>>> print(open('input-v2.csv').read())   # CSV, C-alpha atoms
chain,number,residue,atom,x,y,z
A,1,MET,CA,92.3,-37.1,66.0
A,2,ASP,CA,89.2,-37.2,63.8
A,3,ARG,CA,86.1,-36.8,65.9
A,4,LEU,CA,84.0,-39.0,63.8
A,5,THR,CA,86.6,-41.8,64.0
A,6,GLU,CA,86.6,-41.4,67.8
A,7,MET,CA,82.8,-41.6,67.9
A,8,GLU,CA,82.8,-44.6,65.6
A,9,ALA,CA,85.3,-46.4,67.8
A,10,PHE,CA,83.4,-45.7,70.9
A,11,ALA,CA,80.0,-46.7,69.4
A,12,ASN,CA,81.4,-49.9,68.0
A,13,VAL,CA,82.8,-50.8,71.5
A,14,VAL,CA,79.3,-50.4,72.9
A,15,ASP,CA,77.7,-52.3,70.0
A,16,GLN,CA,80.2,-55.2,70.1
A,17,GLY,CA,80.6,-55.3,73.9
A,18,GLY,CA,84.4,-55.0,73.8
A,19,PHE,CA,87.5,-53.6,72.1
A,20,THR,CA,88.5,-56.8,70.3
A,21,ASP,CA,85.3,-57.2,68.3
A,22,ALA,CA,85.1,-53.5,67.7
A,23,ALA,CA,88.6,-53.6,66.2
A,24,LYS,CA,87.6,-56.5,64.0
A,25,LYS,CA,84.5,-54.6,62.7
A,26,MET,CA,86.6,-51.5,62.0
A,27,GLY,CA,89.5,-53.3,60.5
A,28,ILE,CA,92.1,-51.8,62.8
A,29,SER,CA,94.1,-52.9,65.8
A,30,LYS,CA,92.6,-53.3,69.3
A,31,SER,CA,95.2,-50.7,70.6
A,32,ALA,CA,94.1,-48.2,67.9
A,33,VAL,CA,90.4,-48.6,69.1
A,34,SER,CA,91.5,-48.1,72.7
A,35,LYS,CA,93.5,-45.0,71.7
A,36,HIS,CA,90.5,-43.5,69.9
A,37,VAL,CA,88.2,-44.1,72.9
A,38,SER,CA,90.8,-42.7,75.4
A,39,SER,CA,91.3,-39.6,73.2
A,40,LEU,CA,87.5,-39.1,73.1
A,41,GLU,CA,87.2,-39.4,76.9
A,42,ALA,CA,90.1,-37.0,77.4
A,43,ARG,CA,88.5,-34.4,75.0
A,44,LEU,CA,85.1,-34.7,76.7
A,45,GLY,CA,86.6,-34.8,80.2
A,46,ALA,CA,84.3,-37.7,81.1
A,47,ARG,CA,84.6,-41.5,81.5
A,48,LEU,CA,82.3,-43.1,78.9
A,49,LEU,CA,83.1,-46.8,79.6
A,50,ASN,CA,83.3,-49.1,82.6
A,51,ARG,CA,86.2,-51.4,81.9
A,52,THR,CA,86.7,-54.7,83.8
A,53,THR,CA,88.7,-57.8,82.9
A,54,ARG,CA,85.5,-59.5,81.8
A,55,ARG,CA,83.4,-56.9,80.2
A,56,VAL,CA,83.1,-53.4,78.9
A,57,SER,CA,79.9,-51.4,79.4
A,58,PRO,CA,78.9,-47.7,79.0
A,59,THR,CA,78.6,-45.4,82.0
A,60,GLU,CA,75.4,-43.4,82.4
A,61,ILE,CA,77.1,-40.5,80.6
A,62,GLY,CA,78.5,-42.9,78.0
A,63,LEU,CA,75.0,-44.3,77.3
A,64,ALA,CA,73.6,-40.8,76.7
A,65,TYR,CA,76.5,-39.9,74.5
A,66,TYR,CA,76.2,-43.2,72.6
A,67,ASP,CA,72.6,-42.4,71.6
A,68,ARG,CA,73.6,-39.1,70.1
A,69,ALA,CA,76.8,-40.4,68.6
A,70,ARG,CA,75.0,-43.3,66.8
A,71,ARG,CA,72.6,-40.8,65.3
A,72,VAL,CA,75.5,-38.6,64.1
A,73,LEU,CA,77.2,-41.6,62.6
A,74,ASN,CA,74.0,-42.8,60.9
A,75,ASP,CA,73.5,-39.4,59.4
A,76,ALA,CA,77.0,-39.2,58.2
A,77,GLY,CA,76.6,-42.6,56.5
A,78,GLU,CA,73.4,-41.5,54.9
A,79,ALA,CA,75.1,-38.4,53.6
A,80,ASP,CA,77.9,-40.4,52.0
A,81,ALA,CA,75.4,-42.8,50.5
A,82,LEU,CA,73.3,-40.0,49.2
A,83,VAL,CA,76.2,-38.6,47.2
A,84,THR,CA,76.9,-42.0,45.8
A,85,SER,CA,73.3,-42.7,44.9
A,86,MET,CA,72.8,-39.4,43.2
A,87,GLN,CA,75.4,-40.4,40.7
A,88,SER,CA,73.4,-43.6,39.9
A,89,ALA,CA,70.4,-43.8,37.6
A,90,PRO,CA,67.1,-44.6,39.5
A,91,SER,CA,66.0,-48.1,38.8
A,92,GLY,CA,64.3,-51.2,40.4
A,93,LEU,CA,61.0,-52.0,42.0
A,94,LEU,CA,59.3,-49.1,44.0
A,95,ARG,CA,56.6,-50.2,46.4
A,96,ILE,CA,54.2,-47.5,47.5
A,97,SER,CA,51.3,-47.6,49.9
A,98,VAL,CA,48.5,-45.1,49.5
A,99,ALA,CA,44.9,-44.6,50.5
A,100,THR,CA,42.5,-45.9,47.8
A,101,ASP,CA,40.7,-42.7,47.0
A,102,PHE,CA,43.8,-40.6,46.9
A,103,GLY,CA,45.7,-43.1,44.9
A,104,VAL,CA,43.0,-43.5,42.3
A,105,ASN,CA,42.3,-39.7,41.9
A,106,HIS,CA,45.7,-38.1,42.4
A,107,LEU,CA,48.6,-40.6,42.1
A,108,SER,CA,47.5,-42.9,39.3
A,109,PRO,CA,47.0,-39.9,36.8
A,110,VAL,CA,50.7,-38.8,37.2
A,111,LEU,CA,52.3,-42.2,37.1
A,112,SER,CA,52.5,-42.2,33.3
A,113,ASP,CA,54.6,-39.1,33.3
A,114,PHE,CA,56.9,-40.5,36.1
A,115,LEU,CA,57.4,-43.8,34.3
A,116,ALA,CA,58.1,-42.1,31.1
A,117,GLU,CA,60.8,-40.0,32.8
A,118,PHE,CA,62.3,-43.0,34.7
A,119,PRO,CA,61.8,-46.1,32.5
A,120,ASP,CA,64.1,-48.3,34.6
A,121,ILE,CA,61.8,-48.0,37.6
A,122,THR,CA,58.9,-50.5,38.1
A,123,VAL,CA,56.1,-49.2,40.4
A,124,ASN,CA,53.9,-51.4,42.6
A,125,MET,CA,51.3,-49.1,44.1
A,126,VAL,CA,49.2,-50.8,46.8
A,127,LEU,CA,45.9,-49.1,47.5
A,128,ASN,CA,44.4,-49.7,50.9
A,129,ASN,CA,42.9,-47.8,53.8
A,130,ARG,CA,44.7,-49.3,56.7
A,131,TYR,CA,47.9,-48.2,58.5
A,132,VAL,CA,50.8,-50.0,56.8
A,133,GLU,CA,54.0,-50.9,58.6
A,134,LEU,CA,56.4,-49.9,55.9
A,135,ILE,CA,59.5,-51.8,56.9
A,136,SER,CA,58.0,-55.1,58.0
A,137,GLU,CA,55.6,-55.1,55.0
A,138,GLY,CA,58.3,-54.3,52.5
A,139,PHE,CA,57.3,-50.9,51.3
A,140,ASP,CA,59.7,-48.2,50.2
A,141,MET,CA,57.4,-45.3,51.0
A,142,ALA,CA,53.8,-44.2,51.5
A,143,VAL,CA,51.6,-41.2,51.0
A,144,ARG,CA,49.8,-40.2,54.2
A,145,ILE,CA,47.2,-37.6,55.0
A,146,GLY,CA,46.8,-35.8,58.4
A,147,GLU,CA,48.7,-36.3,61.6
A,148,LEU,CA,51.8,-38.5,61.3
A,149,GLU,CA,51.7,-41.0,64.1
A,150,ASP,CA,55.0,-42.8,63.5
A,151,SER,CA,57.9,-40.6,64.6
A,152,THR,CA,60.5,-43.1,63.4
A,153,LEU,CA,59.6,-42.3,59.8
A,154,ARG,CA,61.0,-39.4,57.8
A,155,ALA,CA,58.4,-37.2,56.0
A,156,ARG,CA,58.4,-34.6,53.2
A,157,LYS,CA,55.3,-32.4,52.8
A,158,LEU,CA,53.7,-32.6,49.3
A,159,THR,CA,50.7,-30.3,49.8
A,160,GLU,CA,47.8,-29.8,52.1
A,161,THR,CA,44.1,-30.2,52.1
A,162,THR,CA,41.1,-29.2,54.3
A,163,LYS,CA,38.4,-31.3,55.9
A,164,ARG,CA,34.8,-30.3,56.2
A,165,MET,CA,31.6,-31.9,57.5
A,166,ILE,CA,29.2,-32.5,54.6
A,167,ALA,CA,25.8,-34.1,54.0
A,168,SER,CA,23.1,-34.1,51.3
A,169,PRO,CA,20.4,-31.4,51.0
A,170,LYS,CA,17.9,-34.3,51.6
A,171,TYR,CA,19.5,-35.0,55.0
A,172,PHE,CA,19.4,-31.4,56.0
A,173,GLU,CA,15.8,-31.0,55.0
A,174,LYS,CA,14.9,-33.8,57.4
A,175,TYR,CA,17.2,-33.1,60.3
A,176,GLY,CA,18.4,-29.5,59.9
A,177,HIS,CA,21.9,-28.1,60.0
A,178,PRO,CA,23.7,-28.3,63.4
A,179,GLN,CA,24.2,-24.8,64.7
A,180,LYS,CA,27.0,-25.6,67.2
A,181,ILE,CA,29.4,-28.5,67.7
A,182,ASP,CA,27.4,-29.9,70.6
A,183,ASP,CA,24.4,-30.3,68.2
A,184,LEU,CA,26.4,-33.0,66.4
A,185,ASN,CA,25.5,-35.4,69.2
A,186,GLU,CA,21.9,-35.4,68.0
A,187,HIS,CA,22.9,-36.1,64.3
A,188,LYS,CA,23.7,-39.2,62.3
A,189,LEU,CA,27.5,-39.2,61.9
A,190,LEU,CA,29.2,-41.4,59.4
A,191,HIS,CA,32.4,-42.9,60.6
A,192,TYR,CA,35.6,-43.4,58.6
A,193,SER,CA,37.0,-46.5,60.3
A,194,SER,CA,40.5,-46.2,58.9
A,195,GLN,CA,41.3,-42.8,60.2
A,196,ALA,CA,44.2,-42.5,62.7
A,197,SER,CA,42.2,-40.7,65.3
A,198,GLY,CA,39.7,-43.7,65.7
A,199,ASN,CA,36.0,-42.7,66.1
A,200,VAL,CA,36.8,-39.1,67.0
A,201,TRP,CA,36.4,-36.0,64.9
A,202,LYS,CA,38.8,-33.2,65.8
A,203,LEU,CA,37.1,-29.8,65.2
A,204,THR,CA,37.8,-26.2,65.9
A,205,ALA,CA,35.0,-23.9,67.2
A,206,PRO,CA,34.6,-20.4,65.8
A,207,SER,CA,36.2,-19.2,69.0
A,208,GLY,CA,39.3,-21.2,68.2
A,209,GLU,CA,38.7,-23.8,70.9
A,210,LYS,CA,39.7,-27.3,70.0
A,211,ARG,CA,36.9,-29.8,70.3
A,212,GLN,CA,36.4,-33.6,69.8
A,213,VAL,CA,33.3,-35.4,68.8
A,214,ARG,CA,32.8,-39.1,69.0
A,215,THR,CA,31.0,-40.7,66.1
A,216,ALA,CA,28.2,-43.2,66.9
A,217,GLY,CA,27.8,-46.6,65.3
A,218,TRP,CA,25.2,-45.5,62.7
A,219,LEU,CA,27.5,-46.4,59.8
A,220,SER,CA,31.2,-47.2,59.7
A,221,VAL,CA,33.1,-47.4,56.4
A,222,ASN,CA,36.8,-47.9,55.6
A,223,ASP,CA,36.8,-46.2,52.2
A,224,GLY,CA,36.4,-42.4,51.6
A,225,GLN,CA,34.6,-42.7,48.3
A,226,SER,CA,32.0,-45.1,49.9
A,227,LEU,CA,31.6,-42.7,52.8
A,228,LEU,CA,30.9,-39.8,50.4
A,229,ASN,CA,28.4,-42.0,48.5
A,230,ALA,CA,26.6,-42.7,51.8
A,231,ALA,CA,26.5,-38.9,52.6
A,232,ILE,CA,25.1,-38.2,49.1
A,233,SER,CA,22.4,-40.7,49.6
A,234,GLY,CA,21.3,-39.0,52.8
A,235,LEU,CA,22.5,-41.4,55.4
A,236,GLY,CA,24.2,-38.8,57.5
A,237,ILE,CA,27.0,-36.3,58.0
A,238,ALA,CA,30.5,-37.3,56.8
A,239,TYR,CA,33.8,-35.6,57.7
A,240,LEU,CA,36.0,-35.7,54.6
A,241,PRO,CA,38.9,-34.0,52.8
A,242,CYS,CA,37.7,-31.4,50.3
A,243,TYR,CA,39.5,-33.1,47.4
A,244,LEU,CA,37.1,-36.0,47.8
A,245,PHE,CA,33.8,-34.0,47.9
A,246,ALA,CA,34.6,-30.8,45.9
A,247,GLU,CA,33.0,-32.1,42.7
A,248,ALA,CA,29.9,-33.4,44.5
A,249,MET,CA,29.5,-30.0,46.2
A,250,GLU,CA,29.8,-28.1,42.9
A,251,GLN,CA,27.0,-30.4,41.6
A,252,GLY,CA,24.8,-29.6,44.6
A,253,LEU,CA,24.9,-33.2,45.8
A,254,VAL,CA,26.3,-32.2,49.3
A,255,GLU,CA,26.4,-29.1,51.4
A,256,ASP,CA,28.6,-27.8,54.2
A,257,ALA,CA,27.1,-28.9,57.5
A,258,MET,CA,28.6,-26.1,59.6
A,259,PRO,CA,30.0,-23.2,57.4
A,260,SER,CA,30.8,-21.2,60.5
A,261,LEU,CA,33.6,-23.5,61.5
A,262,PRO,CA,37.1,-22.8,60.3
A,263,ASP,CA,38.8,-25.2,57.9
A,264,GLU,CA,40.7,-28.2,59.5
A,265,VAL,CA,43.9,-28.1,57.5
A,266,GLN,CA,45.7,-31.4,56.9
A,267,GLY,CA,49.1,-32.0,55.5
A,268,ILE,CA,49.7,-34.6,52.8
A,269,TYR,CA,53.1,-36.2,53.1
A,270,ALA,CA,55.5,-38.7,51.5
A,271,VAL,CA,56.8,-40.8,54.3
A,272,TYR,CA,59.7,-43.3,54.2
A,273,PRO,CA,62.0,-45.2,56.6
A,274,PRO,CA,65.3,-43.5,57.6
A,275,GLY,CA,67.9,-44.2,55.0
A,276,ARG,CA,65.5,-45.1,52.3
A,277,PHE,CA,65.6,-41.6,50.7
A,278,THR,CA,69.2,-42.3,49.7
A,279,GLN,CA,67.8,-44.8,47.2
A,280,PRO,CA,67.6,-43.1,43.8
A,281,LYS,CA,64.2,-44.6,43.0
A,282,VAL,CA,62.6,-43.3,46.2
A,283,ARG,CA,64.2,-39.9,45.9
A,284,ALA,CA,63.2,-39.6,42.3
A,285,PHE,CA,59.5,-40.4,43.0
A,286,ILE,CA,59.3,-38.0,46.0
A,287,ASP,CA,61.0,-35.2,44.1
A,288,PHE,CA,58.5,-35.8,41.2
A,289,LEU,CA,55.5,-35.7,43.6
A,290,VAL,CA,56.8,-32.5,45.2
A,291,HIS,CA,57.0,-30.7,41.8
A,292,SER,CA,53.7,-32.2,40.6
A,293,PHE,CA,51.8,-31.0,43.6
A,294,ALA,CA,53.6,-27.7,43.7
A,295,ASP,CA,52.2,-27.0,40.2
A,296,LYS,CA,48.6,-27.7,41.4
A,297,GLY,CA,48.8,-25.8,44.7
A,298,PRO,CA,47.0,-26.7,47.9
A,299,MET,CA,44.1,-29.1,47.5
A,300,ASN,CA,41.5,-26.7,49.0
A,301,TRP,CA,38.1,-25.7,47.6
>>> encode(input="input-v2.csv", output="structure tokens")
Amino acid sequence: MDRLTEMEAFANVVDQGGFTDAAKKMGISKSAVSKHVSSLEARLGARLLNRTTRRVSPTEIGLAYYDRARRVLNDAGEADALVTSMQSAPSGLLRISVATDFGVNHLSPVLSDFLAEFPDITVNMVLNNRYVELISEGFDMAVRIGELEDSTLRARKLTETTKRMIASPKYFEKYGHPQKIDDLNEHKLLHYSSQASGNVWKLTAPSGEKRQVRTAGWLSVNDGQSLLNAAISGLGIAYLPCYLFAEAMEQGLVEDAMPSLPDEVQGIYAVYPPGRFTQPKVRAFIDFLVHSFADKGPMNW
């Protein structure tokens, strides 16, 4: 018998709570479902279901097998859907969530090329600096920077950037450069309130030791560009990705606070809910971004 059909029959019995409803869902007879499940149990040499006259429920082994089987079936369904969708022209509304500064500086400039290539796609790019729940808020995908907190989402790496601590020459003239990580406790640290790690900076000492520094309440901002402006004006030390401050550093408006520290590398990812990549519009945009960022290389300085 076909192993996927056996898996499907078993998974549907668990989902539906019995053979009768599983048979209805699969469009086959109850006896056929029973035969598939019995064949699966015989092949595995284990009882997967507890059967009584009133109810059917998975055994402990059956429940563990169900979790894996359901994933296999979902992946198989996505594979079939992918083949079908690849033969369809990308179209429809594409909703994207992205951090404001990254969207303005790096996504907006490439949208004209994307829309010229895919004229049947309409883009709704929402710029904000909070963590967005993609499914519940109706987004197809997002571009996220740094550690990915939500393990339920699929991710594809676009490029990477580095983070550094920076401040204005005016600030360093007044307070001096910190010489070691512990010195940061005596400095005015500017907090990016939308970062996933909260009010903690994750740093690496020259020795390779991982350290954490808590930012005080001197100034908290939820926008990267505004935080950079605060650093330029001398309000304190900001911890930002280099793509945001590279130009200001070239102009001498900011300096590296601790050049002795190694770069903190962060990935930049396109993230999307499972199954969403099979939609032609999502796949088209992610593929476009991958090629676009590959041409530019890492966003380092």
>>> atom_distance(input="input-v2.csv", atom1="atom CA of A:Gly77", atom2="atom CA of A:Tyr65")
18.2 Å
>>> residues_near_point(input="input-v2.csv", point="(60.1, -52.5, 49.3)", cutoff="9 Å", atoms="only C-alpha atoms", output="NGL selection string")
:A and (93-96 or 134-135 or 137-141)
>>> closest_residue(input="input-v2.csv", among="A:Val104, A:Leu73, A:Ile181, A:Ala46", to="A:Ile61", atoms="only C-alpha atoms")
A:Ala46
>>> atom_distance(input="input-v2.csv", atom1="atom CA of A:Ala205", atom2="atom CA of A:Pro169")
23.1 Å
>>> atom_distance(input="input-v2.csv", atom1="atom CA of A:Gly176", atom2="atom CA of A:Ala238")
14.7 Å
>>> residues_around(input="input-v2.csv", residues="stretch 219-225 of chain A", least_positions_apart="6", cutoff="6 Å", atoms="all atoms listed in the file", output="PyMOL selection string")
chain A and resi 190-194
>>> closest_residue(input="input-v2.csv", among="A:Gly27, A:Gly236, A:Gly62, A:Gly103", to="A:Asn124", atoms="all atoms listed in the file")
A:Gly103
>>> residues_around(input="input-v2.csv", residues="A:His291", least_positions_apart="4", cutoff="12 Å", atoms="all atoms listed in the file", output="PyMOL selection string")
chain A and resi 110+114+157-159+284-287+295-297
>>> closest_residue(input="input-v2.csv", among="A:Ser57, A:Asn199, A:Thr152, A:Ser91", to="A:Leu115", atoms="all atoms listed in the file")
A:Ser91
>>> residues_around(input="input-v2.csv", residues="A:Asp263", least_positions_apart="2", cutoff="9 Å", atoms="all atoms listed in the file", output="NGL selection string")
:A and (162-164 or 203-204 or 261 or 265)
>>> closest_residue(input="input-v2.csv", among="A:Ala64, A:Ile237, A:Val33, A:Ala69", to="A:His187", atoms="all atoms listed in the file")
A:Ile237
>>> residues_around(input="input-v2.csv", residues="A:Tyr175", least_positions_apart="3", cutoff="12 Å", atoms="all atoms listed in the file", output="PyMOL selection string")
chain A and resi 167-172+178-179+183-184+186-188+234-237+257
>>> write_last_selection(input="input-v2.csv", atoms="C-alpha atoms", output="PDB file, in the coordinates of the input")
ATOM      1  CA  ALA A 167      25.800 -34.100  54.000  1.00  0.00           C
ATOM      2  CA  SER A 168      23.100 -34.100  51.300  1.00  0.00           C
ATOM      3  CA  PRO A 169      20.400 -31.400  51.000  1.00  0.00           C
ATOM      4  CA  LYS A 170      17.900 -34.300  51.600  1.00  0.00           C
ATOM      5  CA  TYR A 171      19.500 -35.000  55.000  1.00  0.00           C
ATOM      6  CA  PHE A 172      19.400 -31.400  56.000  1.00  0.00           C
ATOM      7  CA  PRO A 178      23.700 -28.300  63.400  1.00  0.00           C
ATOM      8  CA  GLN A 179      24.200 -24.800  64.700  1.00  0.00           C
ATOM      9  CA  ASP A 183      24.400 -30.300  68.200  1.00  0.00           C
ATOM     10  CA  LEU A 184      26.400 -33.000  66.400  1.00  0.00           C
ATOM     11  CA  GLU A 186      21.900 -35.400  68.000  1.00  0.00           C
ATOM     12  CA  HIS A 187      22.900 -36.100  64.300  1.00  0.00           C
ATOM     13  CA  LYS A 188      23.700 -39.200  62.300  1.00  0.00           C
ATOM     14  CA  GLY A 234      21.300 -39.000  52.800  1.00  0.00           C
ATOM     15  CA  LEU A 235      22.500 -41.400  55.400  1.00  0.00           C
ATOM     16  CA  GLY A 236      24.200 -38.800  57.500  1.00  0.00           C
ATOM     17  CA  ILE A 237      27.000 -36.300  58.000  1.00  0.00           C
ATOM     18  CA  ALA A 257      27.100 -28.900  57.500  1.00  0.00           C
TER      19      ALA A 257
END
>>> residues_around(input="input-v2.csv", residues="A:Glu41", least_positions_apart="4", cutoff="12 Å", atoms="all atoms listed in the file", output="list in words")
Arg3, Glu6, Met7, Ala9, Phe10, Ser34, Lys35, His36, Val37, Gly45, Ala46, Arg47, Leu48, Leu49, Asn50, Pro58, Thr59, Ile61, Gly62 and Tyr65 of chain A
